[in-house]
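Q: My structure file model.cif, mmCIF, C-alpha atoms, is below:
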data_model
loop_
_atom_site.label_atom_id
_atom_site.label_comp_id
_atom_site.auth_asym_id
_atom_site.auth_seq_id
_atom_site.Cartn_x
_atom_site.Cartn_y
_atom_site.Cartn_z
CA ARG A 1395 11.74 -17.81 -14.28
CA ASP A 1396 10.05 -15.05 -12.37
CA GLU A 1397 11.96 -11.86 -11.59
CA THR A 1398 10.75 -9.70 -8.75
CA GLY A 1399 11.65 -6.38 -7.22
CA THR A 1400 10.43 -4.20 -4.39
CA VAL A 1401 10.69 -0.67 -3.08
CA GLY A 1402 11.29 0.03 0.61
CA PRO A 1403 8.67 -0.26 3.35
CA THR A 1404 7.07 2.93 4.61
CA GLY A 1405 3.66 3.06 3.03
CA SER A 1406 0.79 3.38 5.49
CA GLY A 1407 -2.90 3.46 4.98
CA THR A 1408 -5.91 1.31 4.40
CA VAL A 1409 -7.08 -0.03 1.06
CA THR A 1410 -10.60 1.13 0.36
CA SER A 1411 -11.01 -0.66 -2.93
CA GLU A 1412 -9.13 -3.05 -5.13
CA ARG A 1413 -8.72 -2.14 -8.74
CA LEU A 1414 -6.98 -4.01 -11.53
CA THR A 1415 -5.78 -1.92 -14.44
CA THR A 1416 -4.39 -3.70 -17.44
CA PHE A 1417 -3.87 -3.41 -21.14
CA GLY A 1418 -2.66 -5.74 -23.81
CA ALA A 1419 -3.46 -8.95 -21.92
CA GLY A 1420 -2.96 -11.77 -24.35
CA ASN A 1421 -1.56 -9.40 -27.01
CA GLU A 1422 1.74 -7.74 -27.64
CA VAL A 1423 2.02 -4.32 -26.05
CA GLU A 1424 3.07 -1.35 -28.14
CA LEU A 1425 6.40 0.14 -27.11
CA THR A 1426 7.70 3.65 -27.77
CA PHE A 1427 11.31 3.20 -28.77
CA GLY A 1428 14.25 5.44 -27.95
CA SER A 1429 17.99 5.33 -28.26
CA THR A 1430 20.98 7.01 -26.69
CA SER A 1431 22.73 6.74 -30.03
CA GLN A 1432 21.95 9.39 -32.64
CA GLU A 1433 23.94 7.53 -35.29
CA PHE A 1434 22.35 4.11 -34.78
CA PRO A 1435 18.79 4.64 -33.46
CA ASN A 1436 17.91 0.95 -33.41
CA PRO A 1437 14.64 -0.13 -31.77
CA LEU A 1438 14.92 -2.21 -28.63
CA PRO A 1439 14.38 -5.92 -29.43
CA VAL A 1440 12.01 -6.77 -26.56
CA ARG A 1441 8.48 -8.03 -27.15
CA LEU A 1442 6.32 -7.10 -24.17
CA LEU A 1443 3.20 -9.25 -23.94
CA ARG A 1444 1.44 -7.55 -21.04
CA PHE A 1445 1.87 -5.00 -18.28
CA GLU A 1446 -0.67 -4.79 -15.46
CA GLY A 1447 -1.02 -3.64 -11.87
CA GLU A 1448 -3.25 -4.21 -8.89
CA LEU A 1449 -3.77 -2.81 -5.42
CA ARG A 1450 -3.06 -5.28 -2.60
CA GLU A 1451 -3.78 -3.83 0.82
CA THR A 1452 -1.38 -0.86 1.08
CA ALA A 1453 0.89 -1.77 -1.86
CA VAL A 1454 0.74 -1.63 -5.65
CA VAL A 1455 1.87 -4.87 -7.31
CA LEU A 1456 2.99 -4.72 -10.95
CA HIS A 1457 3.35 -7.68 -13.32
CA TRP A 1458 4.62 -7.95 -16.86
CA GLN A 1459 5.64 -10.61 -19.38
CA THR A 1460 7.95 -10.64 -22.36
CA ALA A 1461 7.63 -12.97 -25.35
CA SER A 1462 11.29 -12.62 -26.32
CA GLU A 1463 14.34 -10.57 -25.42
CA ASP A 1464 17.62 -9.86 -27.19
CA GLN A 1465 20.48 -8.40 -25.12
CA SER A 1466 18.08 -6.83 -22.62
CA SER A 1467 19.72 -5.35 -19.51
CA HIS A 1468 17.00 -4.31 -17.07
CA PHE A 1469 13.60 -2.72 -16.51
CA GLU A 1470 13.18 0.57 -14.71
CA VAL A 1471 9.79 1.05 -13.05
CA GLU A 1472 8.66 4.66 -13.28
CA ARG A 1473 5.81 6.39 -11.46
CA SER A 1474 4.03 9.70 -11.91
CA SER A 1475 1.30 11.62 -10.09
CA ASP A 1476 0.18 13.52 -13.20
CA GLY A 1477 0.93 11.16 -16.09
CA GLU A 1478 3.58 13.50 -17.49
CA ARG A 1479 6.51 13.77 -15.09
CA PHE A 1480 7.85 10.31 -14.25
CA ALA A 1481 10.50 9.24 -11.77
CA SER A 1482 12.20 5.87 -11.37
CA ILE A 1483 11.21 3.98 -8.21
CA GLY A 1484 13.00 0.70 -8.81
CA ARG A 1485 14.88 -1.62 -11.10
CA VAL A 1486 14.39 -5.27 -12.09
CA GLU A 1487 17.08 -7.21 -13.95
CA ALA A 1488 16.08 -8.60 -17.35
CA ALA A 1489 16.71 -12.05 -18.82
CA GLY A 1490 19.26 -10.89 -21.39
CA THR A 1491 18.54 -13.05 -24.42
CA SER A 1492 15.53 -15.34 -24.44
CA ARG A 1493 12.97 -16.78 -26.83
CA ALA A 1494 10.75 -18.06 -24.02
CA THR A 1495 8.07 -16.17 -22.13
CA LYS A 1496 9.51 -14.44 -19.06
CA SER A 1497 7.48 -13.12 -16.13
CA TYR A 1498 8.49 -10.20 -13.92
CA GLY A 1499 7.09 -8.43 -10.90
CA PHE A 1500 7.65 -5.32 -8.80
CA THR A 1501 5.99 -4.08 -5.59
CA ASP A 1502 5.58 -0.41 -4.75
CA GLN A 1503 5.18 -0.54 -0.98
CA GLN A 1504 4.80 3.20 -0.60
CA PRO A 1505 2.30 4.27 -3.27
CA LEU A 1506 1.13 7.83 -3.65
CA SER A 1507 -2.29 8.72 -2.33
CA GLY A 1508 -4.78 9.25 -5.15
CA LEU A 1509 -4.26 8.37 -8.80
CA SER A 1510 -0.77 7.23 -9.85
CA TYR A 1511 0.60 6.31 -13.26
CA TYR A 1512 3.16 3.56 -13.88
CA ARG A 1513 5.24 2.64 -16.91
CA LEU A 1514 8.25 0.48 -17.75
CA LYS A 1515 11.50 1.68 -19.24
CA THR A 1516 13.19 -1.30 -20.87
CA VAL A 1517 16.94 -0.84 -21.32
CA ASP A 1518 19.28 -3.03 -23.36
CA ARG A 1519 23.01 -3.61 -22.89
CA ASP A 1520 23.85 -0.80 -25.32
CA ALA A 1521 21.77 1.65 -23.26
CA ASN A 1522 18.98 1.81 -25.86
CA TYR A 1523 15.60 2.01 -24.18
CA ALA A 1524 11.87 1.69 -24.78
CA TYR A 1525 8.81 2.83 -22.85
CA SER A 1526 5.64 0.85 -22.36
CA LYS A 1527 2.28 2.53 -22.28
CA THR A 1528 1.17 3.71 -18.85
CA ILE A 1529 -1.31 2.12 -16.48
CA ASP A 1530 -3.09 3.93 -13.67
CA ILE A 1531 -3.81 2.76 -10.12
CA HIS A 1532 -5.96 4.55 -7.56
CA TYR A 1533 -4.97 4.27 -3.91
CA GLN A 1534 -6.87 6.12 -1.20
CA GLU A 1535 -4.96 6.50 2.03
CA GLU A 1536 -7.05 6.51 5.19
CA ARG A 1537 -6.04 7.58 8.65
CA GLU A 1538 -6.72 5.33 11.61
CA SER A 1539 -9.58 6.29 13.88
CA VAL A 1540 -10.65 5.20 17.36
CA LEU A 1541 -14.02 5.51 19.08
CA VAL A 1542 -14.94 4.54 22.66
CA TYR A 1543 -18.71 4.23 23.05
CA PRO A 1544 -21.35 4.69 24.31
CA ASN A 1545 -20.30 7.91 25.98
CA PRO A 1546 -21.87 8.70 28.38
CA VAL A 1547 -22.25 5.08 29.49
CA SER A 1548 -24.63 3.83 32.17
CA ALA A 1549 -23.48 1.62 35.05
CA GLY A 1550 -23.94 -2.04 34.06
CA GLU A 1551 -23.90 -1.21 30.34
CA PRO A 1552 -21.24 -2.66 27.98
CA LEU A 1553 -18.41 -0.30 27.03
CA LYS A 1554 -16.90 -0.86 23.58
CA MET A 1555 -14.14 0.39 21.30
CA ARG A 1556 -14.29 0.64 17.51
CA VAL A 1557 -11.04 1.02 15.55
CA LEU A 1558 -10.38 1.63 11.86
CA ASN A 1559 -6.92 0.12 11.67
CA PRO A 1560 -4.62 0.65 8.64
CA THR A 1561 -2.27 -2.16 9.75
CA SER A 1562 -2.34 -5.03 12.21
CA GLN A 1563 -1.11 -3.68 15.54
CA SER A 1564 -1.74 -3.66 19.29
CA TYR A 1565 -3.72 -1.09 21.25
CA GLU A 1566 -3.44 -0.46 24.98
CA VAL A 1567 -6.57 0.93 26.64
CA ALA A 1568 -6.05 2.47 30.09
CA VAL A 1569 -8.69 4.08 32.33
CA TYR A 1570 -7.72 6.74 34.90
CA ASP A 1571 -9.69 8.72 37.43
CA LEU A 1572 -9.40 12.50 37.44
CA ARG A 1573 -6.62 12.30 40.02
CA GLY A 1574 -4.48 10.38 37.56
CA ARG A 1575 -4.75 6.99 39.27
CA LEU A 1576 -4.69 4.01 36.92
CA LEU A 1577 -7.85 1.92 37.35
CA THR A 1578 -7.64 -0.63 34.52
CA SER A 1579 -5.34 -1.39 31.59
CA HIS A 1580 -5.71 -3.97 28.81
CA THR A 1581 -3.94 -4.61 25.50
CA TYR A 1582 -5.78 -5.70 22.35
CA ALA A 1583 -4.19 -7.11 19.17
CA LEU A 1584 -6.27 -5.85 16.26
CA GLU A 1585 -6.21 -6.83 12.61
CA THR A 1586 -6.32 -4.51 9.63
CA GLY A 1587 -9.68 -2.90 8.90
CA LEU A 1588 -12.68 -1.99 11.01
CA THR A 1589 -12.66 -3.86 14.32
CA GLU A 1590 -14.84 -3.72 17.44
CA ARG A 1591 -13.83 -4.85 20.91
CA THR A 1592 -15.79 -4.98 24.16
CA LEU A 1593 -13.79 -3.20 26.86
CA SER A 1594 -16.21 -4.14 29.63
CA GLU A 1595 -19.28 -6.39 29.53
CA ARG A 1596 -20.75 -4.47 32.44
CA THR A 1597 -19.38 -1.05 33.33
CA ASP A 1598 -18.73 -1.21 37.08
CA LEU A 1599 -17.13 2.21 37.54
CA PRO A 1600 -18.82 4.58 40.00
CA LYS A 1601 -20.71 7.47 38.48
CA GLY A 1602 -18.45 10.33 37.45
CA ALA A 1603 -15.84 11.39 34.90
CA TYR A 1604 -12.80 9.37 33.79
CA VAL A 1605 -9.97 9.61 31.28
CA VAL A 1606 -9.51 6.77 28.77
CA LEU A 1607 -6.17 6.65 26.94
CA VAL A 1608 -5.90 4.51 23.80
CA ARG A 1609 -2.25 3.97 22.83
CA ASN A 1610 -0.54 2.33 19.87
CA GLN A 1611 2.85 2.63 18.19
CA HIS A 1612 1.89 5.95 16.60
CA GLY A 1613 0.69 7.79 19.69
CA THR A 1614 -2.11 8.24 22.22
CA VAL A 1615 -5.75 9.23 21.78
CA PRO A 1616 -7.47 10.55 24.96
CA PHE A 1617 -11.19 10.32 25.73
CA LYS A 1618 -13.20 11.83 28.55
CA LEU A 1619 -15.61 9.12 29.67
CA ILE A 1620 -18.76 9.89 31.64
CA VAL A 1621 -20.40 7.16 33.72
CA ARG A 1622 -23.93 7.96 34.80
#
Using C-alpha coordinates, write down the structure that the file contains.

A:
Amino acid sequence: RDETGTVGPTGSGTVTSERLTTFGAGNEVELTFGSTSQEFPNPLPVRLLRFEGELRETAVVLHWQTASEDQSSHFEVERSSDGERFASIGRVEAAGTSRATKSYGFTDQQPLSGLSYYRLKTVDRDANYAYSKTIDIHYQEERESVLVYPNPVSAGEPLKMRVLNPTSQSYEVAVYDLRGRLLTSHTYALETGLTERTLSERTDLPKGAYVVLVRNQHGTVPFKLIVR
(Lines of atoms letter the chains of each structure in order from A and count residues from 1; the text may use other names and numbers.)
(Lines give C-alpha, C1' and ligand atoms only; values in the text may rest on other atoms or scores of the structure.)
Protein backbone atom coordinates (compact mmCIF):
# COMPACT_ATOMS: atom_id res chain seq x y z
CA ARG A 1 0.00 0.00 0.00
CA ASP A 2 1.06 3.58 -0.46
CA GLU A 3 1.23 5.89 2.54
CA THR A 4 1.10 9.62 1.94
CA GLY A 5 1.37 12.75 4.00
CA THR A 6 1.25 16.48 3.40
CA VAL A 7 2.12 19.75 5.09
CA GLY A 8 -0.30 22.69 5.04
CA PRO A 9 -0.91 24.96 2.05
CA THR A 10 0.77 28.35 2.04
CA GLY A 11 3.68 28.05 -0.32
CA SER A 12 3.71 30.60 -3.13
CA GLY A 13 6.03 31.07 -6.01
CA THR A 14 6.85 29.83 -9.44
CA VAL A 15 9.00 26.82 -10.27
CA THR A 16 11.92 27.86 -12.42
CA SER A 17 13.39 24.42 -12.85
CA GLU A 18 12.61 20.85 -11.98
CA ARG A 19 15.28 18.85 -10.29
CA LEU A 20 15.25 15.25 -9.11
CA THR A 21 17.67 14.38 -6.35
CA THR A 22 18.01 10.77 -5.37
CA PHE A 23 20.36 8.26 -3.88
CA GLY A 24 20.29 4.55 -3.42
CA ALA A 25 17.74 3.86 -6.17
CA GLY A 26 17.62 0.13 -6.59
CA ASN A 27 19.91 -0.42 -3.58
CA GLU A 28 19.48 -0.43 0.14
CA VAL A 29 20.08 2.96 1.72
CA GLU A 30 22.50 3.29 4.61
CA LEU A 31 20.85 4.33 7.87
CA THR A 32 22.46 5.98 10.88
CA PHE A 33 21.00 4.22 13.88
CA GLY A 34 20.09 5.69 17.24
CA SER A 35 18.28 4.62 20.34
CA THR A 36 16.55 6.24 23.29
CA SER A 37 17.73 3.34 25.42
CA GLN A 38 21.28 3.48 26.76
CA GLU A 39 21.03 -0.07 28.10
CA PHE A 40 19.71 -1.71 24.93
CA PRO A 41 20.98 0.33 21.94
CA ASN A 42 19.46 -1.96 19.32
CA PRO A 43 19.50 -0.86 15.67
CA LEU A 44 16.16 -0.13 14.08
CA PRO A 45 15.02 -3.10 11.94
CA VAL A 46 13.90 -1.17 8.84
CA ARG A 47 15.48 -1.70 5.44
CA LEU A 48 15.10 1.48 3.39
CA LEU A 49 15.45 0.84 -0.33
CA ARG A 50 15.33 4.40 -1.63
CA PHE A 51 14.60 7.98 -0.66
CA GLU A 52 14.16 10.64 -3.34
CA GLY A 53 12.55 14.01 -3.93
CA GLU A 54 11.43 16.19 -6.79
CA LEU A 55 10.12 19.68 -7.36
CA ARG A 56 6.56 19.83 -8.72
CA GLU A 57 5.42 23.37 -9.42
CA THR A 58 5.55 25.07 -5.99
CA ALA A 59 5.85 21.92 -3.86
CA VAL A 60 8.54 19.38 -2.98
CA VAL A 61 7.34 15.77 -3.28
CA LEU A 62 9.27 13.08 -1.39
CA HIS A 63 9.10 9.33 -2.02
CA TRP A 64 10.66 6.39 -0.23
CA GLN A 65 10.40 2.60 -0.12
CA THR A 66 11.17 0.00 2.50
CA ALA A 67 12.11 -3.62 1.79
CA SER A 68 11.03 -4.83 5.22
CA GLU A 69 9.90 -3.44 8.56
CA ASP A 70 9.74 -4.88 12.06
CA GLN A 71 7.63 -3.05 14.66
CA SER A 72 8.05 0.29 12.86
CA SER A 73 5.89 3.13 14.20
CA HIS A 74 6.24 6.13 11.88
CA PHE A 75 8.48 8.31 9.75
CA GLU A 76 9.24 11.91 10.63
CA VAL A 77 10.15 14.10 7.66
CA GLU A 78 12.81 16.63 8.62
CA ARG A 79 13.99 19.69 6.71
CA SER A 80 16.98 22.01 7.03
CA SER A 81 18.20 25.15 5.31
CA ASP A 82 21.87 24.51 6.11
CA GLY A 83 22.16 20.71 6.23
CA GLU A 84 22.94 20.76 9.96
CA ARG A 85 19.95 22.01 11.93
CA PHE A 86 16.86 19.97 11.07
CA ALA A 87 13.25 20.43 12.10
CA SER A 88 10.32 18.06 11.69
CA ILE A 89 7.73 19.20 9.14
CA GLY A 90 5.46 16.17 9.10
CA ARG A 91 4.77 12.59 10.03
CA VAL A 92 3.76 9.51 8.02
CA GLU A 93 2.57 6.32 9.71
CA ALA A 94 4.64 3.20 9.01
CA ALA A 95 3.47 -0.31 8.14
CA GLY A 96 4.46 -1.87 11.47
CA THR A 97 5.73 -5.31 10.52
CA SER A 98 6.11 -6.24 6.87
CA ARG A 99 8.28 -8.37 4.62
CA ALA A 100 6.90 -6.80 1.44
CA THR A 101 8.03 -3.62 -0.27
CA LYS A 102 6.14 -0.59 1.04
CA SER A 103 5.94 2.79 -0.68
CA TYR A 104 5.48 6.11 1.09
CA GLY A 105 5.13 9.74 0.09
CA PHE A 106 5.07 13.21 1.62
CA THR A 107 4.45 16.65 0.09
CA ASP A 108 6.04 19.83 1.41
CA GLN A 109 3.66 22.47 0.09
CA GLN A 110 5.58 25.36 1.58
CA PRO A 111 9.24 24.74 0.72
CA LEU A 112 11.99 27.14 1.66
CA SER A 113 13.37 29.39 -1.04
CA GLY A 114 16.83 28.29 -2.13
CA LEU A 115 18.54 25.02 -1.25
CA SER A 116 16.81 22.78 1.30
CA TYR A 117 17.89 19.47 2.81
CA TYR A 118 15.51 16.63 3.67
CA ARG A 119 15.96 13.43 5.67
CA LEU A 120 13.81 10.74 7.26
CA LYS A 121 13.73 9.84 10.92
CA THR A 122 12.36 6.30 11.21
CA VAL A 123 10.94 5.51 14.64
CA ASP A 124 9.91 2.10 15.96
CA ARG A 125 7.34 1.25 18.63
CA ASP A 126 10.01 1.28 21.35
CA ALA A 127 11.02 4.83 20.37
CA ASN A 128 14.30 3.70 18.79
CA TYR A 129 15.05 5.73 15.69
CA ALA A 130 17.25 5.87 12.60
CA TYR A 131 18.16 8.65 10.17
CA SER A 132 18.45 8.31 6.43
CA LYS A 133 21.04 10.21 4.49
CA THR A 134 19.95 13.66 3.33
CA ILE A 135 18.82 14.75 -0.11
CA ASP A 136 18.84 18.33 -1.35
CA ILE A 137 16.23 20.18 -3.41
CA HIS A 138 16.58 23.65 -4.91
CA TYR A 139 13.48 25.81 -5.12
CA GLN A 140 13.64 29.37 -6.42
CA GLU A 141 10.68 31.50 -5.44
CA GLU A 142 9.67 34.16 -7.94
CA ARG A 143 7.39 37.11 -7.41
CA GLU A 144 4.58 37.80 -9.84
CA SER A 145 5.07 40.65 -12.27
CA VAL A 146 2.72 42.57 -14.56
CA LEU A 147 3.51 44.70 -17.61
CA VAL A 148 1.08 46.74 -19.74
CA TYR A 149 2.64 47.60 -23.11
CA PRO A 150 3.42 49.36 -25.37
CA ASN A 151 3.46 52.49 -23.27
CA PRO A 152 3.09 55.05 -24.76
CA VAL A 153 0.63 53.45 -27.18
CA SER A 154 -0.57 54.98 -30.44
CA ALA A 155 -4.26 55.25 -31.32
CA GLY A 156 -5.29 52.16 -33.31
CA GLU A 157 -2.39 50.11 -31.95
CA PRO A 158 -2.97 46.91 -29.91
CA LEU A 159 -2.58 47.24 -26.14
CA LYS A 160 -1.35 44.13 -24.33
CA MET A 161 -0.62 42.79 -20.86
CA ARG A 162 2.12 40.34 -19.93
CA VAL A 163 1.93 38.54 -16.57
CA LEU A 164 4.37 36.23 -14.80
CA ASN A 165 1.89 34.34 -12.67
CA PRO A 166 3.00 32.09 -9.76
CA THR A 167 -0.46 30.46 -9.52
CA SER A 168 -3.59 30.25 -11.64
CA GLN A 169 -5.74 33.25 -10.75
CA SER A 170 -7.91 36.02 -12.18
CA TYR A 171 -6.83 39.57 -13.00
CA GLU A 172 -9.13 42.55 -13.36
CA VAL A 173 -7.87 45.32 -15.65
CA ALA A 174 -9.63 48.69 -15.28
CA VAL A 175 -8.90 51.91 -17.20
CA TYR A 176 -9.72 55.32 -15.67
CA ASP A 177 -9.33 58.85 -16.91
CA LEU A 178 -7.49 61.37 -14.76
CA ARG A 179 -10.79 62.46 -13.19
CA GLY A 180 -11.27 58.98 -11.80
CA ARG A 181 -14.06 57.93 -14.16
CA LEU A 182 -14.10 54.24 -15.05
CA LEU A 183 -13.83 53.79 -18.83
CA THR A 184 -13.40 50.02 -19.26
CA SER A 185 -13.05 46.96 -17.03
CA HIS A 186 -12.35 43.33 -17.96
CA THR A 187 -11.41 40.20 -16.01
CA TYR A 188 -8.91 37.63 -17.31
CA ALA A 189 -8.37 34.11 -15.93
CA LEU A 190 -4.67 33.36 -16.30
CA GLU A 191 -2.77 30.11 -15.85
CA THR A 192 0.50 29.63 -14.02
CA GLY A 193 3.59 30.92 -15.80
CA LEU A 194 4.25 33.65 -18.34
CA THR A 195 1.03 34.70 -20.09
CA GLU A 196 0.16 37.44 -22.57
CA ARG A 197 -3.29 38.89 -23.17
CA THR A 198 -4.50 41.50 -25.65
CA LEU A 199 -6.41 44.18 -23.76
CA SER A 200 -7.49 46.00 -26.91
CA GLU A 201 -7.01 45.04 -30.56
CA ARG A 202 -7.17 48.71 -31.52
CA THR A 203 -6.67 51.36 -28.87
CA ASP A 204 -9.60 53.75 -29.33
CA LEU A 205 -8.95 56.06 -26.39
CA PRO A 206 -8.45 59.76 -27.18
CA LYS A 207 -4.92 61.05 -26.90
CA GLY A 208 -3.91 61.81 -23.33
CA ALA A 209 -3.01 60.18 -20.01
CA TYR A 210 -4.92 57.40 -18.26
CA VAL A 211 -4.61 55.20 -15.19
CA VAL A 212 -4.66 51.41 -15.63
CA LEU A 213 -5.26 49.35 -12.48
CA VAL A 214 -4.43 45.63 -12.58
CA ARG A 215 -5.98 43.81 -9.60
CA ASN A 216 -5.76 40.26 -8.29
CA GLN A 217 -6.25 38.57 -4.93
CA HIS A 218 -2.94 39.92 -3.64
CA GLY A 219 -3.40 43.59 -4.45
CA THR A 220 -3.39 46.26 -7.16
CA VAL A 221 -0.67 47.39 -9.56
CA PRO A 222 -1.19 50.88 -11.09
CA PHE A 223 0.12 52.04 -14.47
CA LYS A 224 0.08 55.48 -16.05
CA LEU A 225 -0.83 54.93 -19.69
CA ILE A 226 -0.09 57.49 -22.38
CA VAL A 227 -2.07 57.44 -25.64
CA ARG A 228 -0.52 59.48 -28.41

Q: Might you pull out every residue within 7 Å of A:Leu1553, with all atoms listed in the file counted and same-chain residues fewer than 2 positions away left off, and present them as a PDB file with C-alpha atoms, in the frame of the given file?

A:
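Written out: result_30.pdb:
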ATOM      1  CA  TYR A1543     -18.710   4.230  23.050  1.00  0.00           C
ATOM      2  CA  PRO A1544     -21.350   4.690  24.310  1.00  0.00           C
ATOM      3  CA  GLU A1551     -23.900  -1.210  30.340  1.00  0.00           C
ATOM      4  CA  THR A1592     -15.790  -4.980  24.160  1.00  0.00           C
ATOM      5  CA  LEU A1593     -13.790  -3.200  26.860  1.00  0.00           C
ATOM      6  CA  SER A1594     -16.210  -4.140  29.630  1.00  0.00           C
ATOM      7  CA  GLU A1595     -19.280  -6.390  29.530  1.00  0.00           C
ATOM      8  CA  THR A1597     -19.380  -1.050  33.330  1.00  0.00           C
TER       9      THR A1597
END

Q: List every protein, DNA or RNA residue that has an atom no more than 9 Å from (-16.5, 5.9, 18.6) in the file's coordinate frame, counting all atoms listed in the file, and report them as an mmCIF file with C-alpha atoms, in the coordinates of the input.

A:
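For reference, result00.cif as written:
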data_model
loop_
_atom_site.group_PDB
_atom_site.id
_atom_site.type_symbol
_atom_site.label_atom_id
_atom_site.label_comp_id
_atom_site.auth_asym_id
_atom_site.auth_seq_id
_atom_site.Cartn_x
_atom_site.Cartn_y
_atom_site.Cartn_z
ATOM 1 C CA SER A 1539 -9.580 6.290 13.880
ATOM 2 C CA VAL A 1540 -10.650 5.200 17.360
ATOM 3 C CA LEU A 1541 -14.020 5.510 19.080
ATOM 4 C CA VAL A 1542 -14.940 4.540 22.660
ATOM 5 C CA TYR A 1543 -18.710 4.230 23.050
ATOM 6 C CA PRO A 1544 -21.350 4.690 24.310
ATOM 7 C CA ASN A 1545 -20.300 7.910 25.980
ATOM 8 C CA LYS A 1554 -16.900 -0.860 23.580
ATOM 9 C CA MET A 1555 -14.140 0.390 21.300
ATOM 10 C CA ARG A 1556 -14.290 0.640 17.510
ATOM 11 C CA VAL A 1557 -11.040 1.020 15.550
#

Q: Report the residues retrieved by the PyMOL selection byres ((chain A and resi 1611-1621) around 8) from the displayed file, expressed as a list in words.

A: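 Applying the expression gives Val1540, Val1542, Asn1545, Pro1546, Val1547, Ser1548, Ala1549, Gln1563, Ser1564, Leu1599, Pro1600, Lys1601, Gly1602, Ala1603, Tyr1604, Val1605, Val1606, Leu1607, Val1608, Arg1609, Asn1610 and Arg1622 of chain A.
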
Q: Could you write out as a list in words the residues that the PyMOL selection byres ((chain A and resi 1533) around 6) matches in the shown file?

A: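 Answer for the PyMOL selection byres ((chain A and resi 1533) around 6): Ser1507, Gly1508, His1532 and Gln1534 of chain A.
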
Q: In Å, how far is it from atom CA of A:Thr1452 to atom CA of A:Lys1496?

A: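 Atom CA of A:Lys1496 lies 26.6 Å from atom CA of A:Thr1452.
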
Q: Let me have the centre and edge lengths of the axis-aligned box enclosing all listed atoms of stretch 1609-1619 of chain A with 5 Å padding on every side, in Å to one decimal, as lines of an AutoDock Vina configuration file.

A:
center_x = -6.4
center_y = 7.1
center_z = 23.1
size_x = 28.5
size_y = 19.5
size_z = 23.1

Q: What is the distance, in Å and to one decimal place, between atom CA of A:Glu1472 and atom CA of A:Gly1484?

A: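 So the answer is 7.4 Å.
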
Q: Do you have the atom CA of A:Ser1466-atom CA of A:Gly1499 distance handy?

A: 16.1 Å

Q: Pick out the closest residue to A:Arg1485 from this set: A:Val1471, A:Leu1443, A:Ile1529, A:Leu1449. Count all atoms listed in the file.

A: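 Of A:Val1471, A:Leu1443, A:Ile1529, A:Leu1449, the one nearest A:Arg1485, counting all atoms listed in the file, is A:Val1471.
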
Q: Given the choices A:Ala1461, A:Arg1473, A:Pro1505, A:Ser1510, which gets closest to A:Ser1492 if the distance is worked out from all atoms listed in the file?

A: A:Ala1461

Q: Choose the residue, out of A:Asp1520, A:Asp1476, A:Glu1446, A:Glu1451, that has the smallest atom-to-atom separation from A:Phe1500; count only C-alpha atoms.

A: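 Of A:Asp1520, A:Asp1476, A:Glu1446, A:Glu1451, the one nearest A:Phe1500, counting only C-alpha atoms, is A:Glu1446.
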
Q: Of the residues A:Asn1559, A:Glu1470, A:Trp1458, A:Gln1465, which is the one nearest to A:Thr1491, using all atoms listed in the file?

A: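 Among A:Asn1559, A:Glu1470, A:Trp1458, A:Gln1465, it is A:Gln1465 that comes nearest to A:Thr1491.
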